[in-house]
Structure formats: C-alpha cells, structure tokens
Amino acid sequence: MKQAKKEEQTALQTLRELISQNREFDIIDLFSDMHAADIADLIDELDEDDRLKLFSLLDVEKASDVILELSDSSREQLIEDLPQERLTDIIEEMASDDKADIIAELSEDQAKAVLEAIEPEESQEVRELLKHADDTAGGIMQSELVSVKKHATVNDAFQAVVDAKDEMENIHNIFVVDEEEKLIGTVPLQNLITMKRFSPILEIIDEDIPSVNVEMDQEEVARLFEKYDLVSVGVVDKEQHLLGRITIDDIMD
C-alpha cells in the first residue's frame, strides 16, 4: 500500500513538471501505458485549468474510461467545461449503462444535445435505461448482450460472439431466447469450447443460472451475485422478456 502511494506521488510530481514545461507529447506518452483509474487519480489532484488541459490530451477511447473514474467534483467540472462535440464523442464511446449514468448527470440542454447527436439506436437504448430508478437492476444494467434463438447451434452462438466482440467488453454468457425474446436459459462462454460446432444450443443450456427482474433492488442483485458466484446475469421484465445484462463490474461499481 505504501509502495503504491509512493509511486502515485512520484507520477504526480513528474506530471506537474511536464505541465510546467508544456511537454504535451511527454504527457501523452506518460498516460499511454497507465490504467484509466490511475490517470483519473492524477487528474483529480490537479487544479481546474490543468485538469481540462490534461484531459483534452486523451484520445476519445481513453477519455471515455477516465471520466468514469474521476471524482464527482472533477467529472462535474469537466462536463461543464468540455466542448459539446467532444463530450458527445466521449459519451458515444461508452457502454450503454455508462452512457445513461453520465447523461443523467448532464443539464437538460446538454442531455438533449447528446441524445440527438448520437446514433438513433443508441439514443433509444439510453432513453429506455434512463426510465429505470438508479437503485434497481434496470438502473445498472446495460443493453449490450449476446443472445441466440432456441433453435440455434453452438456454431451460431460462436458467430454471435464474434459479431459482438468489437461492440462489447466482457462477454461471459450467451443468452438463449424464444421467438418472443423471452429468456429460456444461459450458456456460459466456456461451455461452447468443448462442444461440437453444430450441436443444438439447447443441449448445453444452463437453466439454473438465475435471471433478475428489472425492478429488483440493486442490493438484492448484489446478494445473488455473491450467493451464486455469478459473473453476469440477464435482466428480464415480468413477462420474462430479456432486456439487458448486469456484469460483475457493474456490481463492483
């Protein structure tokens, strides 16, 4: 712990020296191999002018990760000071649940501008997520998931994962649904590996992995993750339609 604190102080000292000398390329190089949470810790220690200057040096992908890790006060200041186009680009890079969280923090005018500027499908997804209370399963779920119909094969499931890998992180499960998009069961990703490619997906479905109702309190969701040692769970409405998923990352947050 002491070593980590010492390294953070050393990095902060180095950063302040680079800022005072206007060595932007060296700052970009310093940030290139750092985790978003570590960059956020450094930015939190700076004054307002330097925060904006440093944050503006990050590419959009890195900035979208860093802004989620900042303290509330730093994030609020940056949201207020960033140009609207830059803010929109950063939000558009996020997963749907993170988009919803950040947009919920914006002013009404900012939120409207972002929702109108991002892709219509993404905008609709975020609007749906914003309908749910923050402390429910619906409030912490993300709409990105991998699903296949019940008549699919293992090969179909593999292809669905391949198709989704550039749009999603942390694909743990494939959700199996019927023709009405009602959740039937879940297939852990590792279960696909040992099966013949053209085996019916229903042969390896795990019906014991629970799903959660969209209105379930987030604390109860967390208890289910702990009880069943889950890494991902489907979120359904009262008719069992699949709406989204919650991952262990969401629970940790």
# chains A, B, ... in the order shown; residues from 1 in each chain; ligands from 1
>>> residues_around(residues="Glu167 (chain A)", least_positions_apart="2", cutoff="9 Å", atoms="only C-alpha atoms", output="JSON, numbers by chain")
{"A": [95, 144, 163, 164, 165, 169]}
>>> select_by_dssp(residues="region 100-192 of chain A", states="strand (DSSP E or B)", output="JSON, numbers by chain")
{"A": [136, 142, 147, 148, 149, 153, 173, 174, 175, 176, 177, 182, 183, 184, 185, 186, 187, 188]}
>>> residues_around(residues="Gly139 (chain A)", least_positions_apart="3", cutoff="12 Å", atoms="only C-alpha atoms", output="compact mmCIF listing (two decimals) with N, CA and C atoms, in the first residue's frame")
# COMPACT_ATOMS: atom_id res chain seq x y z
N SER A 96 -23.69 1.18 -22.88
CA SER A 96 -25.00 1.83 -22.70
C SER A 96 -25.27 2.24 -21.26
N ASP A 97 -24.90 1.40 -20.29
CA ASP A 97 -25.17 1.74 -18.90
C ASP A 97 -24.36 2.94 -18.45
N ASP A 98 -23.10 3.03 -18.93
CA ASP A 98 -22.27 4.19 -18.59
C ASP A 98 -22.78 5.44 -19.30
N LYS A 99 -23.22 5.29 -20.55
CA LYS A 99 -23.84 6.42 -21.25
C LYS A 99 -24.98 7.00 -20.41
N ALA A 100 -25.86 6.10 -19.95
CA ALA A 100 -27.02 6.54 -19.18
C ALA A 100 -26.60 7.24 -17.89
N ASP A 101 -25.58 6.70 -17.21
CA ASP A 101 -25.12 7.30 -15.96
C ASP A 101 -24.60 8.72 -16.18
N ALA A 104 -27.35 11.21 -17.29
CA ALA A 104 -28.19 11.58 -16.14
C ALA A 104 -27.58 12.72 -15.33
N VAL A 126 -30.46 4.32 -24.56
CA VAL A 126 -30.19 5.13 -23.37
C VAL A 126 -31.48 5.68 -22.78
N ARG A 127 -32.39 6.14 -23.63
CA ARG A 127 -33.67 6.66 -23.15
C ARG A 127 -34.42 5.59 -22.37
N GLU A 128 -34.36 4.35 -22.84
CA GLU A 128 -35.02 3.24 -22.13
C GLU A 128 -34.37 3.00 -20.78
N LEU A 129 -33.03 3.03 -20.73
CA LEU A 129 -32.32 2.80 -19.47
C LEU A 129 -32.61 3.91 -18.46
N LEU A 130 -32.76 5.12 -18.95
CA LEU A 130 -33.00 6.26 -18.05
C LEU A 130 -34.38 6.21 -17.41
N LYS A 131 -35.25 5.36 -17.91
CA LYS A 131 -36.58 5.23 -17.32
C LYS A 131 -36.54 4.49 -15.98
N HIS A 132 -35.48 3.74 -15.74
CA HIS A 132 -35.40 2.90 -14.54
C HIS A 132 -34.72 3.65 -13.39
N ALA A 133 -35.19 3.39 -12.18
CA ALA A 133 -34.59 4.00 -11.00
C ALA A 133 -33.14 3.57 -10.86
N ASP A 134 -32.30 4.49 -10.36
CA ASP A 134 -30.87 4.23 -10.26
C ASP A 134 -30.53 3.01 -9.41
N ASP A 135 -31.35 2.74 -8.39
CA ASP A 135 -31.02 1.68 -7.43
C ASP A 135 -31.69 0.36 -7.76
N THR A 136 -32.12 0.16 -9.01
CA THR A 136 -32.73 -1.10 -9.42
C THR A 136 -31.84 -1.81 -10.43
N GLN A 142 -26.88 -3.00 -18.63
CA GLN A 142 -26.52 -2.48 -19.94
C GLN A 142 -27.29 -3.27 -20.99
N SER A 143 -27.60 -2.62 -22.09
CA SER A 143 -28.42 -3.27 -23.12
C SER A 143 -27.59 -4.16 -24.04
N ASN A 213 -35.30 -9.65 -12.12
CA ASN A 213 -36.33 -8.75 -12.62
C ASN A 213 -35.80 -7.34 -12.70
N VAL A 214 -36.24 -6.60 -13.70
CA VAL A 214 -35.75 -5.26 -13.94
C VAL A 214 -35.97 -4.32 -12.77
N GLU A 215 -36.98 -4.61 -11.94
CA GLU A 215 -37.29 -3.75 -10.79
C GLU A 215 -36.60 -4.19 -9.50
N MET A 216 -35.83 -5.27 -9.54
CA MET A 216 -35.17 -5.75 -8.32
C MET A 216 -34.18 -4.72 -7.79
N ASP A 217 -34.15 -4.54 -6.47
CA ASP A 217 -33.22 -3.62 -5.86
C ASP A 217 -31.78 -4.07 -6.12
N GLN A 218 -30.90 -3.11 -6.38
CA GLN A 218 -29.52 -3.44 -6.72
C GLN A 218 -28.79 -4.18 -5.60
N GLU A 219 -29.17 -3.93 -4.36
CA GLU A 219 -28.54 -4.65 -3.25
C GLU A 219 -28.90 -6.14 -3.30
N VAL A 221 -29.65 -7.73 -6.06
CA VAL A 221 -28.88 -8.25 -7.20
C VAL A 221 -27.47 -8.61 -6.75
N VAL A 235 -31.29 -9.63 -17.34
CA VAL A 235 -32.33 -8.82 -16.71
C VAL A 235 -33.59 -8.95 -17.55
N LEU A 243 -34.11 -8.00 -21.35
CA LEU A 243 -33.94 -6.56 -21.54
C LEU A 243 -32.48 -6.13 -21.57
N GLY A 244 -31.64 -6.84 -20.84
CA GLY A 244 -30.24 -6.44 -20.74
C GLY A 244 -29.48 -7.41 -19.87
N ARG A 245 -28.31 -7.00 -19.46
CA ARG A 245 -27.48 -7.84 -18.59
C ARG A 245 -26.77 -6.97 -17.57
N ILE A 246 -26.42 -7.60 -16.46
CA ILE A 246 -25.59 -6.97 -15.43
C ILE A 246 -24.35 -7.82 -15.29
N ASP A 250 -20.39 -4.12 -12.95
CA ASP A 250 -21.46 -3.23 -12.52
C ASP A 250 -21.72 -3.37 -11.02
N ILE A 251 -21.67 -4.60 -10.54
CA ILE A 251 -21.90 -4.86 -9.12
C ILE A 251 -20.78 -4.27 -8.28
>>> closest_residue(among="A:Arg197, A:Lys112, A:Arg51, A:Arg16", to="Ala152 (chain A)", atoms="only C-alpha atoms")
A:Arg197
>>> closest_residue(among="A:Gln110, A:Ser56, A:Ser20, A:Ser123", to="Glu80 (chain A)", atoms="only C-alpha atoms")
A:Gln110
>>> residues_around(residues="region 30-47 of chain A", least_positions_apart="3", cutoff="12 Å", atoms="only C-alpha atoms", output="PyMOL selection string")
chain A and resi 4-5+7-16+18-19+23-27+50-59+61-78
>>> select_by_dssp(residues="region 19-237 of chain A", states="helix (DSSP H, G or I)", output="ChimeraX atom specification")
/A:19-20,24-32,36-44,48-55,60-69,72-81,84-92,96-105,108-117,120-129,137-140,154-164,189-193,201-203,218-228
>>> decode(residues="region 82-101 of chain A", atoms="N, CA and C atoms", output="compact mmCIF listing (two decimals), in the first residue's frame")
# COMPACT_ATOMS: atom_id res chain seq x y z
N LEU A 82 -16.11 21.02 -21.06
CA LEU A 82 -15.79 20.40 -22.36
C LEU A 82 -16.69 20.94 -23.47
N PRO A 83 -16.15 21.12 -24.67
CA PRO A 83 -17.00 21.47 -25.81
C PRO A 83 -18.05 20.37 -26.03
N GLN A 84 -19.22 20.76 -26.47
CA GLN A 84 -20.32 19.82 -26.63
C GLN A 84 -19.96 18.66 -27.56
N GLU A 85 -19.29 18.95 -28.65
CA GLU A 85 -18.93 17.89 -29.61
C GLU A 85 -17.99 16.88 -28.99
N ARG A 86 -17.01 17.37 -28.24
CA ARG A 86 -16.05 16.47 -27.58
C ARG A 86 -16.76 15.62 -26.54
N LEU A 87 -17.65 16.22 -25.76
CA LEU A 87 -18.40 15.48 -24.75
C LEU A 87 -19.25 14.40 -25.40
N THR A 88 -19.89 14.73 -26.50
CA THR A 88 -20.72 13.75 -27.21
C THR A 88 -19.88 12.59 -27.70
N ASP A 89 -18.71 12.87 -28.29
CA ASP A 89 -17.83 11.81 -28.79
C ASP A 89 -17.41 10.87 -27.66
N ILE A 90 -17.12 11.45 -26.49
CA ILE A 90 -16.69 10.64 -25.34
C ILE A 90 -17.83 9.75 -24.87
N ILE A 91 -19.01 10.31 -24.75
CA ILE A 91 -20.16 9.53 -24.27
C ILE A 91 -20.53 8.44 -25.27
N GLU A 92 -20.42 8.75 -26.54
CA GLU A 92 -20.78 7.76 -27.57
C GLU A 92 -19.88 6.53 -27.51
N GLU A 93 -18.69 6.69 -26.98
CA GLU A 93 -17.72 5.59 -26.90
C GLU A 93 -18.07 4.61 -25.77
N MET A 94 -18.93 5.01 -24.85
CA MET A 94 -19.20 4.21 -23.65
C MET A 94 -20.21 3.10 -23.89
N ALA A 95 -20.22 2.13 -22.98
CA ALA A 95 -21.28 1.14 -22.95
C ALA A 95 -22.58 1.81 -22.55
N SER A 96 -23.69 1.18 -22.88
CA SER A 96 -25.00 1.83 -22.70
C SER A 96 -25.27 2.24 -21.26
N ASP A 97 -24.90 1.40 -20.29
CA ASP A 97 -25.17 1.74 -18.90
C ASP A 97 -24.36 2.94 -18.45
N ASP A 98 -23.10 3.03 -18.93
CA ASP A 98 -22.27 4.19 -18.59
C ASP A 98 -22.78 5.44 -19.30
N LYS A 99 -23.22 5.29 -20.55
CA LYS A 99 -23.84 6.42 -21.25
C LYS A 99 -24.98 7.00 -20.41
N ALA A 100 -25.86 6.10 -19.95
CA ALA A 100 -27.02 6.54 -19.18
C ALA A 100 -26.60 7.24 -17.89
N ASP A 101 -25.58 6.70 -17.21
CA ASP A 101 -25.12 7.30 -15.96
C ASP A 101 -24.60 8.72 -16.18
